[in-house]
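Here's upload.pdb, which has PDB, C-alpha atoms and all ligand atoms:
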```pdb
ATOM      1  CA  MET A   1       0.000   0.000   0.000
ATOM      2  CA  ASN A   2       2.855   2.379   0.763
ATOM      3  CA  HIS A   3       4.765   3.055  -2.399
ATOM      4  CA  GLN A   4       8.238   4.119  -1.400
ATOM      5  CA  THR A   5      11.358   4.666  -3.427
ATOM      6  CA  LYS A   6      15.046   5.191  -3.062
ATOM      7  CA  ASP A   7      15.270   6.359  -6.671
ATOM      8  CA  HIS A   8      15.640  10.098  -6.348
ATOM      9  CA  SER A   9      17.268  10.673  -9.746
ATOM     10  CA  TRP A  10      15.036  13.718 -10.413
ATOM     11  CA  LEU A  11      16.551  15.385  -7.338
ATOM     12  CA  MET A  12      20.077  13.925  -7.237
ATOM     13  CA  ASN A  13      22.977  16.407  -7.261
ATOM     14  CA  ARG A  14      20.824  19.464  -7.835
ATOM     15  CA  THR A  15      21.172  22.819  -6.075
ATOM     16  CA  ALA A  16      18.333  24.048  -3.872
ATOM     17  CA  VAL A  17      17.982  27.681  -2.790
ATOM     18  CA  LEU A  18      16.795  27.987   0.793
ATOM     19  CA  ALA A  19      14.648  31.040   1.511
ATOM     20  CA  THR A  20      15.981  32.001   4.921
ATOM     21  CA  MET A  21      18.073  34.569   6.729
ATOM     22  CA  HIS A  22      17.698  32.816  10.064
ATOM     23  CA  GLN A  23      20.261  30.042   9.573
ATOM     24  CA  LYS A  24      17.754  27.260   8.937
ATOM     25  CA  GLU A  25      20.388  25.721   6.636
ATOM     26  CA  GLN A  26      22.019  24.400   9.841
ATOM     27  CA  VAL A  27      19.414  21.634  10.051
ATOM     28  CA  ILE A  28      18.070  21.475   6.477
ATOM     29  CA  ALA A  29      21.298  21.391   4.442
ATOM     30  CA  PRO A  30      22.943  18.298   6.021
ATOM     31  CA  LEU A  31      19.748  16.244   5.631
ATOM     32  CA  PHE A  32      19.302  17.132   1.954
ATOM     33  CA  ALA A  33      22.988  16.536   1.243
ATOM     34  CA  GLN A  34      22.923  13.140   2.897
ATOM     35  CA  GLU A  35      19.602  11.986   1.483
ATOM     36  CA  PHE A  36      19.699  13.314  -2.101
ATOM     37  CA  GLY A  37      23.140  14.793  -2.710
ATOM     38  CA  VAL A  38      21.342  18.156  -2.970
ATOM     39  CA  LYS A  39      23.482  21.212  -2.318
ATOM     40  CA  VAL A  40      21.538  23.782  -0.295
ATOM     41  CA  ILE A  41      22.535  27.401  -0.803
ATOM     42  CA  VAL A  42      21.281  30.561   0.907
ATOM     43  CA  PRO A  43      20.937  33.720  -1.216
ATOM     44  CA  GLU A  44      22.677  36.770   0.193
ATOM     45  CA  ASN A  45      20.099  39.325  -0.826
ATOM     46  CA  PHE A  46      16.961  37.650   0.500
ATOM     47  CA  ASN A  47      15.020  39.360   3.286
ATOM     48  CA  SER A  48      12.582  36.801   4.702
ATOM     49  CA  ASP A  49      11.240  39.332   7.239
ATOM     50  CA  ARG A  50       9.254  41.092   4.534
ATOM     51  CA  PHE A  51       6.956  38.034   4.503
ATOM     52  CA  GLY A  52       6.098  38.572   8.157
ATOM     53  CA  THR A  53       7.730  38.465  11.583
ATOM     54  CA  PHE A  54       6.737  36.797  14.839
ATOM     55  CA  THR A  55       7.130  40.140  16.617
ATOM     56  CA  ARG A  56       4.170  41.546  14.620
ATOM     57  CA  ASP A  57       6.162  44.543  13.317
ATOM     58  CA  ILE A  58       5.505  43.048   9.866
ATOM     59  CA  PRO A  59       2.300  41.007   9.420
ATOM     60  CA  ARG A  60       2.470  37.678   7.604
ATOM     61  CA  VAL A  61       1.410  37.492   3.962
ATOM     62  CA  GLY A  62      -1.496  35.025   3.763
ATOM     63  CA  ASN A  63      -1.660  31.766   5.697
ATOM     64  CA  GLN A  64       1.309  29.639   6.743
ATOM     65  CA  LEU A  65       1.441  27.529   3.586
ATOM     66  CA  ALA A  66       0.957  30.558   1.304
ATOM     67  CA  ALA A  67       3.802  32.362   3.084
ATOM     68  CA  ALA A  68       6.198  29.409   2.632
ATOM     69  CA  ARG A  69       5.208  29.080  -1.025
ATOM     70  CA  ARG A  70       5.699  32.809  -1.660
ATOM     71  CA  LYS A  71       9.200  32.750  -0.121
ATOM     72  CA  ALA A  72      10.152  29.783  -2.329
ATOM     73  CA  GLU A  73       8.858  31.580  -5.450
ATOM     74  CA  VAL A  74      10.744  34.766  -4.582
ATOM     75  CA  VAL A  75      14.146  33.056  -4.113
ATOM     76  CA  LEU A  76      13.711  31.330  -7.469
ATOM     77  CA  GLU A  77      13.015  34.707  -9.086
ATOM     78  CA  LEU A  78      16.036  36.201  -7.299
ATOM     79  CA  THR A  79      18.507  33.476  -8.224
ATOM     80  CA  GLY A  80      17.176  31.980 -11.469
ATOM     81  CA  GLU A  81      17.496  28.493  -9.939
ATOM     82  CA  THR A  82      14.823  25.791 -10.408
ATOM     83  CA  LEU A  83      14.663  24.178  -6.974
ATOM     84  CA  ALA A  84      13.707  25.994  -3.754
ATOM     85  CA  LEU A  85      13.168  25.173  -0.104
ATOM     86  CA  ALA A  86      11.275  27.415   2.319
ATOM     87  CA  SER A  87      10.005  27.019   5.840
ATOM     88  CA  GLU A  88       7.377  28.790   7.887
ATOM     89  CA  GLY A  89       6.419  28.354  11.526
ATOM     90  CA  ALA A  90       3.316  29.213  13.514
ATOM     91  CA  PHE A  91       2.704  29.201  17.257
ATOM     92  CA  PHE A  92      -0.725  28.808  18.817
ATOM     93  CA  PRO A  93      -2.574  27.092  21.668
ATOM     94  CA  HIS A  94      -2.854  23.330  21.154
ATOM     95  CA  PRO A  95      -6.184  22.466  19.422
ATOM     96  CA  HIS A  96      -7.145  19.938  22.116
ATOM     97  CA  LEU A  97      -5.158  21.217  25.111
ATOM     98  CA  PRO A  98      -5.626  25.001  25.098
ATOM     99  CA  PHE A  99      -3.215  25.639  27.978
ATOM    100  CA  LEU A 100      -0.389  24.058  26.041
ATOM    101  CA  ALA A 101       1.405  26.025  23.335
ATOM    102  CA  CYS A 102       2.470  24.308  20.162
ATOM    103  CA  ASP A 103       4.694  24.970  17.197
ATOM    104  CA  ARG A 104       3.664  23.952  13.696
ATOM    105  CA  GLU A 105       6.531  23.975  11.216
ATOM    106  CA  LEU A 106       6.205  23.565   7.464
ATOM    107  CA  VAL A 107       9.119  22.909   5.115
ATOM    108  CA  LEU A 108       8.197  23.223   1.451
ATOM    109  CA  LEU A 109      10.028  22.010  -1.643
ATOM    110  CA  LEU A 110       9.235  23.716  -4.946
ATOM    111  CA  ASP A 111      10.604  22.225  -8.165
ATOM    112  CA  ARG A 112      10.092  24.183 -11.396
ATOM    113  CA  VAL A 113      11.643  21.443 -13.591
ATOM    114  CA  ASN A 114       9.165  18.769 -12.582
ATOM    115  CA  ASN A 115       6.415  21.161 -11.529
ATOM    116  CA  LEU A 116       6.157  19.754  -8.013
ATOM    117  CA  GLU A 117       5.325  21.144  -4.581
ATOM    118  CA  ILE A 118       5.864  18.836  -1.599
ATOM    119  CA  VAL A 119       5.299  19.929   2.008
ATOM    120  CA  GLY A 120       6.697  18.421   5.203
ATOM    121  CA  GLU A 121       5.055  19.223   8.516
ATOM    122  CA  GLN A 122       5.662  18.835  12.220
ATOM    123  CA  LEU A 123       3.333  19.807  15.058
ATOM    124  CA  SER A 124       5.154  19.892  18.375
ATOM    125  CA  THR A 125       4.386  20.872  21.942
ATOM    126  CA  GLU A 126       8.143  21.238  22.457
ATOM    127  CA  THR A 127       8.316  25.021  22.456
ATOM    128  CA  ASN A 128       9.279  27.848  24.791
ATOM    129  CA  TYR A 129       6.677  30.137  23.159
ATOM    130  CA  ASN A 130       5.819  32.506  26.003
ATOM    131  CA  HIS A 131       5.544  36.142  27.059
ATOM    132  CA  ARG A 132       5.316  38.226  30.213
ATOM    133  CA  TYR A 133       4.981  41.788  31.434
ATOM    134  CA  VAL A 134       7.688  42.512  34.023
ATOM    135  CA  LYS A 135       8.028  45.360  36.528
ATOM    136  CA  ASN A 136      11.806  45.287  36.895
ATOM    137  CA  SER A 137      14.966  43.617  35.692
ATOM    138  CA  ALA A 138      14.848  40.981  38.454
ATOM    139  CA  GLU A 139      11.514  39.732  37.106
ATOM    140  CA  ALA A 140      12.971  39.844  33.610
ATOM    141  CA  LEU A 141      15.876  37.599  34.651
ATOM    142  CA  GLU A 142      13.466  35.205  36.334
ATOM    143  CA  PHE A 143      11.406  34.918  33.135
ATOM    144  CA  ALA A 144      14.618  34.540  31.115
ATOM    145  CA  GLN A 145      15.578  31.543  33.230
ATOM    146  CA  GLN A 146      12.206  29.879  32.590
ATOM    147  CA  ILE A 147      12.480  30.066  28.798
ATOM    148  CA  GLY A 148      15.986  28.615  28.454
ATOM    149  CA  PHE A 149      18.034  31.840  28.295
ATOM    150  CA  PRO A 150      20.736  32.467  27.102
ATOM    151  CA  GLU A 151      20.681  29.587  24.560
ATOM    152  CA  HIS A 152      17.211  30.906  23.700
ATOM    153  CA  SER A 153      17.039  34.652  23.104
ATOM    154  CA  LEU A 154      14.437  37.185  24.204
ATOM    155  CA  VAL A 155      12.569  40.045  22.561
ATOM    156  CA  VAL A 156      11.934  43.142  24.684
ATOM    157  CA  MET A 157       9.499  45.952  23.899
ATOM    158  CA  SER A 158       7.572  48.557  25.828
ATOM    159  CA  ASP A 159       4.096  47.391  24.807
ATOM    160  CA  PRO A 160       3.126  45.085  21.917
ATOM    161  CA  ASP A 161      -0.171  46.917  21.304
ATOM    162  CA  THR A 162       1.159  50.437  20.883
ATOM    163  CA  ASN A 163       4.565  49.510  19.624
ATOM    164  CA  ARG A 164       6.917  51.639  17.668
ATOM    165  CA  GLN A 165       9.334  49.702  15.456
ATOM    166  CA  GLU A 166      12.468  51.290  16.898
ATOM    167  CA  GLU A 167      11.526  50.042  20.352
ATOM    168  CA  ILE A 168      11.596  46.324  19.594
ATOM    169  CA  PHE A 169      14.844  44.790  20.834
ATOM    170  CA  LYS A 170      15.386  41.326  19.390
ATOM    171  CA  GLY A 171      17.938  38.569  19.914
ATOM    172  CA  ILE A 172      18.791  39.518  23.511
ATOM    173  CA  ASN A 173      21.019  36.751  24.919
ATOM    174  CA  GLN A 174      23.190  38.502  27.537
ATOM    175  CA  PRO A 175      21.938  39.120  31.094
ATOM    176  CA  LYS A 176      23.662  42.497  31.154
ATOM    177  CA  THR A 177      21.970  43.657  27.933
ATOM    178  CA  LEU A 178      18.605  42.399  29.154
ATOM    179  CA  ILE A 179      18.885  44.415  32.384
ATOM    180  CA  GLU A 180      19.995  47.538  30.518
ATOM    181  CA  ILE A 181      17.136  47.427  28.013
ATOM    182  CA  VAL A 182      14.469  46.713  30.631
ATOM    183  CA  ASP A 183      15.724  49.604  32.793
ATOM    184  CA  PHE A 184      15.999  51.881  29.762
ATOM    185  CA  LEU A 185      12.404  51.239  28.626
ATOM    186  CA  LEU A 186      10.974  51.566  32.152
ATOM    187  CA  GLN A 187      12.603  54.978  32.602
ATOM    188  CA  LYS A 188      12.186  56.315  29.102
ATOM    189  CA  ASN A 189       8.466  55.730  28.844
ATOM    190  CA  ALA A 190       7.727  56.259  32.555
ATOM    191  CA  GLN A 191       5.645  53.097  32.575
ATOM    192  CA  ASP A 192       5.121  50.347  35.139
ATOM    193  CA  THR A 193       5.953  47.352  32.961
ATOM    194  CA  VAL A 194       7.814  46.239  29.881
ATOM    195  CA  TYR A 195       6.886  43.315  27.688
ATOM    196  CA  LEU A 196       9.135  40.295  27.124
ATOM    197  CA  GLU A 197       8.600  37.434  24.745
ATOM    198  CA  THR A 198      10.638  34.492  23.531
ATOM    199  CA  ASP A 199      12.537  35.164  20.315
ATOM    200  CA  LEU A 200      11.096  32.625  17.892
ATOM    201  CA  ARG A 201      13.531  33.175  15.031
ATOM    202  CA  ALA A 202      15.219  29.854  14.275
ATOM    203  CA  MET A 203      18.795  30.945  15.038
ATOM    204  CA  CYS A 204      17.697  32.366  18.413
ATOM    205  CA  ASN A 205      15.668  29.332  19.387
ATOM    206  CA  PRO A 206      17.307  25.885  19.343
ATOM    207  CA  THR A 207      14.037  24.246  20.420
ATOM    208  CA  ARG A 208      12.304  25.584  17.303
ATOM    209  CA  MET A 209      15.296  24.618  15.148
ATOM    210  CA  GLN A 210      14.756  20.986  16.219
ATOM    211  CA  VAL A 211      11.087  21.137  15.158
ATOM    212  CA  ILE A 212      12.196  22.492  11.766
ATOM    213  CA  LYS A 213      14.520  19.494  11.542
ATOM    214  CA  GLN A 214      11.587  17.146  12.249
ATOM    215  CA  ALA A 215       9.514  18.862   9.545
ATOM    216  CA  THR A 216      12.438  18.436   7.127
ATOM    217  CA  LEU A 217      12.559  14.701   7.919
ATOM    218  CA  ASN A 218       8.825  14.548   7.239
ATOM    219  CA  LEU A 219       9.399  16.278   3.874
ATOM    220  CA  ILE A 220      12.102  13.720   2.993
ATOM    221  CA  GLN A 221       9.657  10.929   3.811
ATOM    222  CA  LYS A 222       6.947  12.504   1.646
ATOM    223  CA  ILE A 223       9.357  12.906  -1.271
ATOM    224  CA  ALA A 224       9.769   9.109  -1.162
ATOM    225  CA  GLN A 225       6.003   8.463  -1.277
ATOM    226  CA  LEU A 226       5.156   7.745  -4.920
ATOM    227  CA  CYS A 227       1.839   7.769  -6.731
ATOM    228  CA  PRO A 228       0.838   4.106  -7.247
ATOM    229  CA  GLN A 229      -0.456   4.977 -10.724
ATOM    230  CA  CYS A 230       2.140   7.308 -12.293
ATOM    231  CA  GLY A 231       5.093   7.181  -9.856
ATOM    232  CA  CYS A 232       5.106  10.924  -9.145
ATOM    233  CA  PRO A 233       6.836  11.796  -5.816
ATOM    234  CA  GLY A 234       4.955  13.460  -2.957
ATOM    235  CA  PHE A 235       1.845  11.257  -2.943
ATOM    236  CA  ASP A 236       0.184  12.796   0.103
ATOM    237  CA  GLN A 237      -2.930  12.997   2.197
ATOM    238  CA  ILE A 238      -5.365  15.695   1.097
ATOM    239  CA  GLU A 239      -8.289  14.898   3.373
ATOM    240  CA  GLN A 240      -9.363  12.967   6.451
ATOM    241  CA  LYS A 241     -12.845  11.548   6.920
ATOM    242  CA  GLN A 242     -14.293  11.286  10.417
ATOM    243  CA  GLY A 243     -16.753   8.596  11.464
ATOM    244  CA  LEU A 244     -14.932   5.626  12.998
ATOM    245  CA  PRO A 245     -17.857   3.627  14.483
ATOM    246  CA  CYS A 246     -18.288   3.225  18.232
ATOM    247  CA  ALA A 247     -17.359  -0.256  19.458
ATOM    248  CA  TRP A 248     -20.645  -0.581  21.382
ATOM    249  CA  CYS A 249     -23.395   1.111  19.340
ATOM    250  CA  HIS A 250     -21.609   1.391  15.955
ATOM    251  CA  PHE A 251     -22.714   5.004  15.628
ATOM    252  CA  PRO A 252     -20.061   7.167  13.883
ATOM    253  CA  THR A 253     -17.699   9.098  16.192
ATOM    254  CA  ASN A 254     -15.458  12.072  15.379
ATOM    255  CA  LEU A 255     -12.388   9.828  15.125
ATOM    256  CA  ILE A 256     -10.782   9.305  11.729
ATOM    257  CA  LEU A 257     -12.345   6.574   9.591
ATOM    258  CA  ALA A 258     -10.261   7.090   6.450
ATOM    259  CA  GLU A 259      -7.500   9.175   4.901
ATOM    260  CA  ILE A 260      -7.605  10.187   1.263
ATOM    261  CA  HIS A 261      -4.312  10.483  -0.586
ATOM    262  CA  GLN A 262      -4.045  12.158  -3.981
ATOM    263  CA  CYS A 263      -1.419  12.547  -6.682
ATOM    264  CA  GLN A 264      -0.692  16.120  -7.749
ATOM    265  CA  LYS A 265       0.133  15.023 -11.326
ATOM    266  CA  CYS A 266      -2.531  12.503 -12.392
ATOM    267  CA  GLN A 267      -5.082  13.147  -9.588
ATOM    268  CA  PHE A 268      -5.201   9.440  -8.748
ATOM    269  CA  GLN A 269      -6.836   8.938  -5.332
ATOM    270  CA  GLU A 270      -6.400   6.233  -2.742
ATOM    271  CA  THR A 271      -8.662   5.872   0.307
ATOM    272  CA  ARG A 272      -6.914   4.356   3.292
ATOM    273  CA  ILE A 273      -9.530   3.094   5.696
ATOM    274  CA  TYR A 274      -8.778   2.608   9.445
ATOM    275  CA  PRO A 275      -5.494   4.596   9.364
ATOM    276  CA  GLN A 276      -4.848   3.898  13.069
ATOM    277  CA  GLY A 277      -5.299   0.152  12.465
ATOM    278  CA  LYS A 278      -8.528   0.011  14.520
ATOM    279  CA  LYS A 279     -11.998  -0.685  13.126
ATOM    280  CA  PHE A 280     -13.872   0.714  16.116
ATOM    281  CA  ALA A 281     -13.579   3.669  18.473
ATOM    282  CA  GLU A 282     -13.464   3.346  22.259
ATOM    283  CA  PRO A 283     -16.996   4.071  23.591
ATOM    284  CA  GLY A 284     -15.427   6.984  25.521
ATOM    285  CA  TYR A 285     -15.348   8.895  22.215
ATOM    286  CA  CYS A 286     -19.012   8.149  21.483
ATOM    287  CA  LEU A 287     -21.608  10.910  21.883
ATOM    288  CA  TYR A 288     -24.276   8.376  22.903
ATOM    289  CA  CYS A 289     -22.437   5.802  25.004
ATOM    290  CA  ASN A 290     -20.419   8.363  26.941
ATOM    291  CA  PRO A 291     -22.458  11.551  27.193
TER     292      PRO A 291
HETATM  293 ZN    ZN A 301      -0.051  10.035 -10.256
HETATM  294 ZN    ZN A 302     -21.596   4.309  21.131
END
```

For this file, write the structure as structure tokens.
Amino acid sequence: MNHQTKDHSWLMNRTAVLATMHQKEQVIAPLFAQEFGVKVIVPENFNSDRFGTFTRDIPRVGNQLAAARRKAEVVLELTGETLALASEGAFFPHPHLPFLACDRELVLLLDRVNNLEIVGEQLSTETNYNHRYVKNSAEALEFAQQIGFPEHSLVVMSDPDTNRQEEIFKGINQPKTLIEIVDFLLQKNAQDTVYLETDLRAMCNPTRMQVIKQATLNLIQKIAQLCPQCGCPGFDQIEQKQGLPCAWCHFPTNLILAEIHQCQKCQFQETRIYPQGKKFAEPGYCLYCNP
């Protein structure tokens, strides 16, 4: 059922341009070199911040996937190459556990020669995504300790709602600098608090860098998934269908009954029923048996 390949001749020994200025090549380049002999290069004149920043000074263009796709298109325009890689992260409360933050990372491959787009994904609760208003530098240092400072950097600003661009201090990773900036903002604006948040840029956040690595591994796996009909790489799930029946009353639950995979070249579809290997849901998930 799973069509996998080790024949990556369409990708072998090519050059891929990575749309980043946040050192994501640290985790992406070795994996692509090892797996496909692909040389990953980073263009010098690419400013990924214009597609949006985590610190809200520049809003993101479109949704997460659209932003990754746009970055990949722009580096191809810039360099005239035919193969691009781009990644985009998003942080939000966990869909089922709202008190837990999670990090969703996408890594996208765009190939103009074969007209392919393949996307790897990782959703992780391993993140230091956090923020706090502090009244003094002692509180700032305490928060810093909680988020894995100084390996993980901080962003400091007076107030995220009324912010002026020149007052966002990013990439703070020295206790001395942190104290100075907190004191400076408290005095300058004569306010009671300053706002701290974790710096989510990949090179300032080793925890996020690891999630990007996981998403890259997922992309490599998807590249190896071939269409059973035409052999095109990137045969991937496009839809999930709910309705796994309850083990007691057989009424459909919200659990996944089937996954639908589709080829982006020939549109061939494959329905994979019982993706978790179970034909029935625990009655605990049933609206009738466990109200
Ligand atoms: Zn196909
Ligand atoms: Zn039931």

Exercise. Of the candidates A:Gln262, A:Gly243, A:Ser137, A:Pro275, which one gets nearest to ligand ZN 302 (chain A) if we count only C-alpha atoms and all ligand atoms?
Worked result: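 Closest residue, counting only C-alpha atoms and all ligand atoms: A:Gly243.
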
Q.
Ranking A:Glu151, A:Glu35, A:Glu282, A:Glu259 by minimum distance to ligand ZN 302 (chain A) and counting all atoms listed in the file, which one comes first?
A.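 Distance minimum relative to ligand ZN 302 (chain A) lands on A:Glu282.
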
Under the PyMOL selection byres (((chain A and resi 289) around 10) and not hetatm), which residues of this model are included? Write them out as a PyMOL selection string. chain A and resi 246-249+251+282-288+290-291

task: Give as number ranges by chain the set of residues within 12 Å of the point (17.3, 17.9, 9.1), where distances use the file's coordinates and all atoms listed in the file.
output: A: 24-35, 40, 107, 120, 209-221

Given the selection you just returned, output its residues as a file containing C-alpha atoms, formatted as a short mmCIF file (atom, residue, chain, number, x, y, z; two decimals), keeping the file's coordinate frame.
```
data_model
loop_
_atom_site.label_atom_id
_atom_site.label_comp_id
_atom_site.auth_asym_id
_atom_site.auth_seq_id
_atom_site.Cartn_x
_atom_site.Cartn_y
_atom_site.Cartn_z
CA LYS A 24 17.75 27.26 8.94
CA GLU A 25 20.39 25.72 6.64
CA GLN A 26 22.02 24.40 9.84
CA VAL A 27 19.41 21.63 10.05
CA ILE A 28 18.07 21.48 6.48
CA ALA A 29 21.30 21.39 4.44
CA PRO A 30 22.94 18.30 6.02
CA LEU A 31 19.75 16.24 5.63
CA PHE A 32 19.30 17.13 1.95
CA ALA A 33 22.99 16.54 1.24
CA GLN A 34 22.92 13.14 2.90
CA GLU A 35 19.60 11.99 1.48
CA VAL A 40 21.54 23.78 -0.30
CA VAL A 107 9.12 22.91 5.12
CA GLY A 120 6.70 18.42 5.20
CA MET A 209 15.30 24.62 15.15
CA GLN A 210 14.76 20.99 16.22
CA VAL A 211 11.09 21.14 15.16
CA ILE A 212 12.20 22.49 11.77
CA LYS A 213 14.52 19.49 11.54
CA GLN A 214 11.59 17.15 12.25
CA ALA A 215 9.51 18.86 9.54
CA THR A 216 12.44 18.44 7.13
CA LEU A 217 12.56 14.70 7.92
CA ASN A 218 8.82 14.55 7.24
CA LEU A 219 9.40 16.28 3.87
CA ILE A 220 12.10 13.72 2.99
CA GLN A 221 9.66 10.93 3.81
#
```

Shell of 9 Å around ligand ZN 301 (chain A) (only C-alpha atoms and all ligand atoms), written as a PyMOL selection string: chain A and resi 226-233+235+262-269

Selected by the PyMOL selection byres (((chain A and resi 153) around 7) and not hetatm) in the shown coordinates: which residues, as a PDB file with C-alpha atoms, in the coordinates of the input?
```
ATOM      1  CA  PHE A 149      18.034  31.840  28.295  1.00  0.00           C
ATOM      2  CA  PRO A 150      20.736  32.467  27.102  1.00  0.00           C
ATOM      3  CA  GLU A 151      20.681  29.587  24.560  1.00  0.00           C
ATOM      4  CA  HIS A 152      17.211  30.906  23.700  1.00  0.00           C
ATOM      5  CA  LEU A 154      14.437  37.185  24.204  1.00  0.00           C
ATOM      6  CA  GLY A 171      17.938  38.569  19.914  1.00  0.00           C
ATOM      7  CA  ILE A 172      18.791  39.518  23.511  1.00  0.00           C
ATOM      8  CA  ASN A 173      21.019  36.751  24.919  1.00  0.00           C
ATOM      9  CA  THR A 198      10.638  34.492  23.531  1.00  0.00           C
ATOM     10  CA  ASP A 199      12.537  35.164  20.315  1.00  0.00           C
ATOM     11  CA  CYS A 204      17.697  32.366  18.413  1.00  0.00           C
ATOM     12  CA  ASN A 205      15.668  29.332  19.387  1.00  0.00           C
TER      13      ASN A 205
END
```

Report task. List the residues matched by the PyMOL selection byres (((chain A and resi 11) around 12) and not hetatm) in the displayed structure as a ChimeraX atom specification, ordered by chain and then by residue number. Result -> /A:6-10,12-16,32-33,35-39,82-84,109-114,116,220,223-224,233

Could those selected residues go to a file with C-alpha atoms, as a PDB file, in the coordinates of the input?
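That gives us result_22.pdb:
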```
ATOM      1  CA  LYS A   6      15.046   5.191  -3.062  1.00  0.00           C
ATOM      2  CA  ASP A   7      15.270   6.359  -6.671  1.00  0.00           C
ATOM      3  CA  HIS A   8      15.640  10.098  -6.348  1.00  0.00           C
ATOM      4  CA  SER A   9      17.268  10.673  -9.746  1.00  0.00           C
ATOM      5  CA  TRP A  10      15.036  13.718 -10.413  1.00  0.00           C
ATOM      6  CA  MET A  12      20.077  13.925  -7.237  1.00  0.00           C
ATOM      7  CA  ASN A  13      22.977  16.407  -7.261  1.00  0.00           C
ATOM      8  CA  ARG A  14      20.824  19.464  -7.835  1.00  0.00           C
ATOM      9  CA  THR A  15      21.172  22.819  -6.075  1.00  0.00           C
ATOM     10  CA  ALA A  16      18.333  24.048  -3.872  1.00  0.00           C
ATOM     11  CA  PHE A  32      19.302  17.132   1.954  1.00  0.00           C
ATOM     12  CA  ALA A  33      22.988  16.536   1.243  1.00  0.00           C
ATOM     13  CA  GLU A  35      19.602  11.986   1.483  1.00  0.00           C
ATOM     14  CA  PHE A  36      19.699  13.314  -2.101  1.00  0.00           C
ATOM     15  CA  GLY A  37      23.140  14.793  -2.710  1.00  0.00           C
ATOM     16  CA  VAL A  38      21.342  18.156  -2.970  1.00  0.00           C
ATOM     17  CA  LYS A  39      23.482  21.212  -2.318  1.00  0.00           C
ATOM     18  CA  THR A  82      14.823  25.791 -10.408  1.00  0.00           C
ATOM     19  CA  LEU A  83      14.663  24.178  -6.974  1.00  0.00           C
ATOM     20  CA  ALA A  84      13.707  25.994  -3.754  1.00  0.00           C
ATOM     21  CA  LEU A 109      10.028  22.010  -1.643  1.00  0.00           C
ATOM     22  CA  LEU A 110       9.235  23.716  -4.946  1.00  0.00           C
ATOM     23  CA  ASP A 111      10.604  22.225  -8.165  1.00  0.00           C
ATOM     24  CA  ARG A 112      10.092  24.183 -11.396  1.00  0.00           C
ATOM     25  CA  VAL A 113      11.643  21.443 -13.591  1.00  0.00           C
ATOM     26  CA  ASN A 114       9.165  18.769 -12.582  1.00  0.00           C
ATOM     27  CA  LEU A 116       6.157  19.754  -8.013  1.00  0.00           C
ATOM     28  CA  ILE A 220      12.102  13.720   2.993  1.00  0.00           C
ATOM     29  CA  ILE A 223       9.357  12.906  -1.271  1.00  0.00           C
ATOM     30  CA  ALA A 224       9.769   9.109  -1.162  1.00  0.00           C
ATOM     31  CA  PRO A 233       6.836  11.796  -5.816  1.00  0.00           C
TER      32      PRO A 233
END
```

Q.
Please determine, counting all atoms listed in the file, which residue among A:Arg56, A:His250, A:His131, A:His22 has the shortest atom-to-atom distance to Arg208 (chain A).
A.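 Distance minimum relative to Arg208 (chain A) lands on A:His22.
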
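CA of Glu77 (chain A) to CA of Glu121 (chain A) spans 24.8 Å [interatomic distance, one decimal].
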
Review point. Between CA of Ala281 (chain A) and CA of Leu255 (chain A), what is the spacing in Å?
Key: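 Interatomic distance, CA of Leu255 (chain A) to CA of Ala281 (chain A): 7.1 Å.
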
Supply region 168-175 of chain A as a PDB file, in the coordinates of the input, with N, CA, C and O atoms built in where the input has gaps.
```
ATOM      1  N   ILE A 168      11.567  47.781  19.456  1.00  0.00           N
ATOM      2  CA  ILE A 168      11.596  46.324  19.594  1.00  0.00           C
ATOM      3  C   ILE A 168      13.053  45.885  19.608  1.00  0.00           C
ATOM      4  O   ILE A 168      13.787  46.120  18.654  1.00  0.00           O
ATOM      5  N   PHE A 169      13.466  45.275  20.713  1.00  0.00           N
ATOM      6  CA  PHE A 169      14.844  44.790  20.834  1.00  0.00           C
ATOM      7  C   PHE A 169      14.819  43.270  20.711  1.00  0.00           C
ATOM      8  O   PHE A 169      14.253  42.588  21.554  1.00  0.00           O
ATOM      9  N   LYS A 170      15.438  42.766  19.648  1.00  0.00           N
ATOM     10  CA  LYS A 170      15.386  41.326  19.390  1.00  0.00           C
ATOM     11  C   LYS A 170      16.741  40.662  19.669  1.00  0.00           C
ATOM     12  O   LYS A 170      17.766  41.337  19.716  1.00  0.00           O
ATOM     13  N   GLY A 171      16.707  39.346  19.805  1.00  0.00           N
ATOM     14  CA  GLY A 171      17.938  38.569  19.914  1.00  0.00           C
ATOM     15  C   GLY A 171      18.747  38.862  21.160  1.00  0.00           C
ATOM     16  O   GLY A 171      19.970  38.741  21.151  1.00  0.00           O
ATOM     17  N   ILE A 172      18.079  39.230  22.257  1.00  0.00           N
ATOM     18  CA  ILE A 172      18.791  39.518  23.511  1.00  0.00           C
ATOM     19  C   ILE A 172      19.224  38.195  24.149  1.00  0.00           C
ATOM     20  O   ILE A 172      18.383  37.361  24.480  1.00  0.00           O
ATOM     21  N   ASN A 173      20.537  38.003  24.321  1.00  0.00           N
ATOM     22  CA  ASN A 173      21.019  36.751  24.919  1.00  0.00           C
ATOM     23  C   ASN A 173      22.150  36.970  25.930  1.00  0.00           C
ATOM     24  O   ASN A 173      22.936  36.061  26.196  1.00  0.00           O
ATOM     25  N   GLN A 174      22.213  38.207  26.476  1.00  0.00           N
ATOM     26  CA  GLN A 174      23.190  38.502  27.537  1.00  0.00           C
ATOM     27  C   GLN A 174      22.428  39.089  28.724  1.00  0.00           C
ATOM     28  O   GLN A 174      21.672  40.044  28.530  1.00  0.00           O
ATOM     29  N   PRO A 175      22.642  38.574  29.929  1.00  0.00           N
ATOM     30  CA  PRO A 175      21.938  39.120  31.094  1.00  0.00           C
ATOM     31  C   PRO A 175      22.131  40.632  31.240  1.00  0.00           C
ATOM     32  O   PRO A 175      21.181  41.362  31.528  1.00  0.00           O
TER      33      PRO A 175
END
```
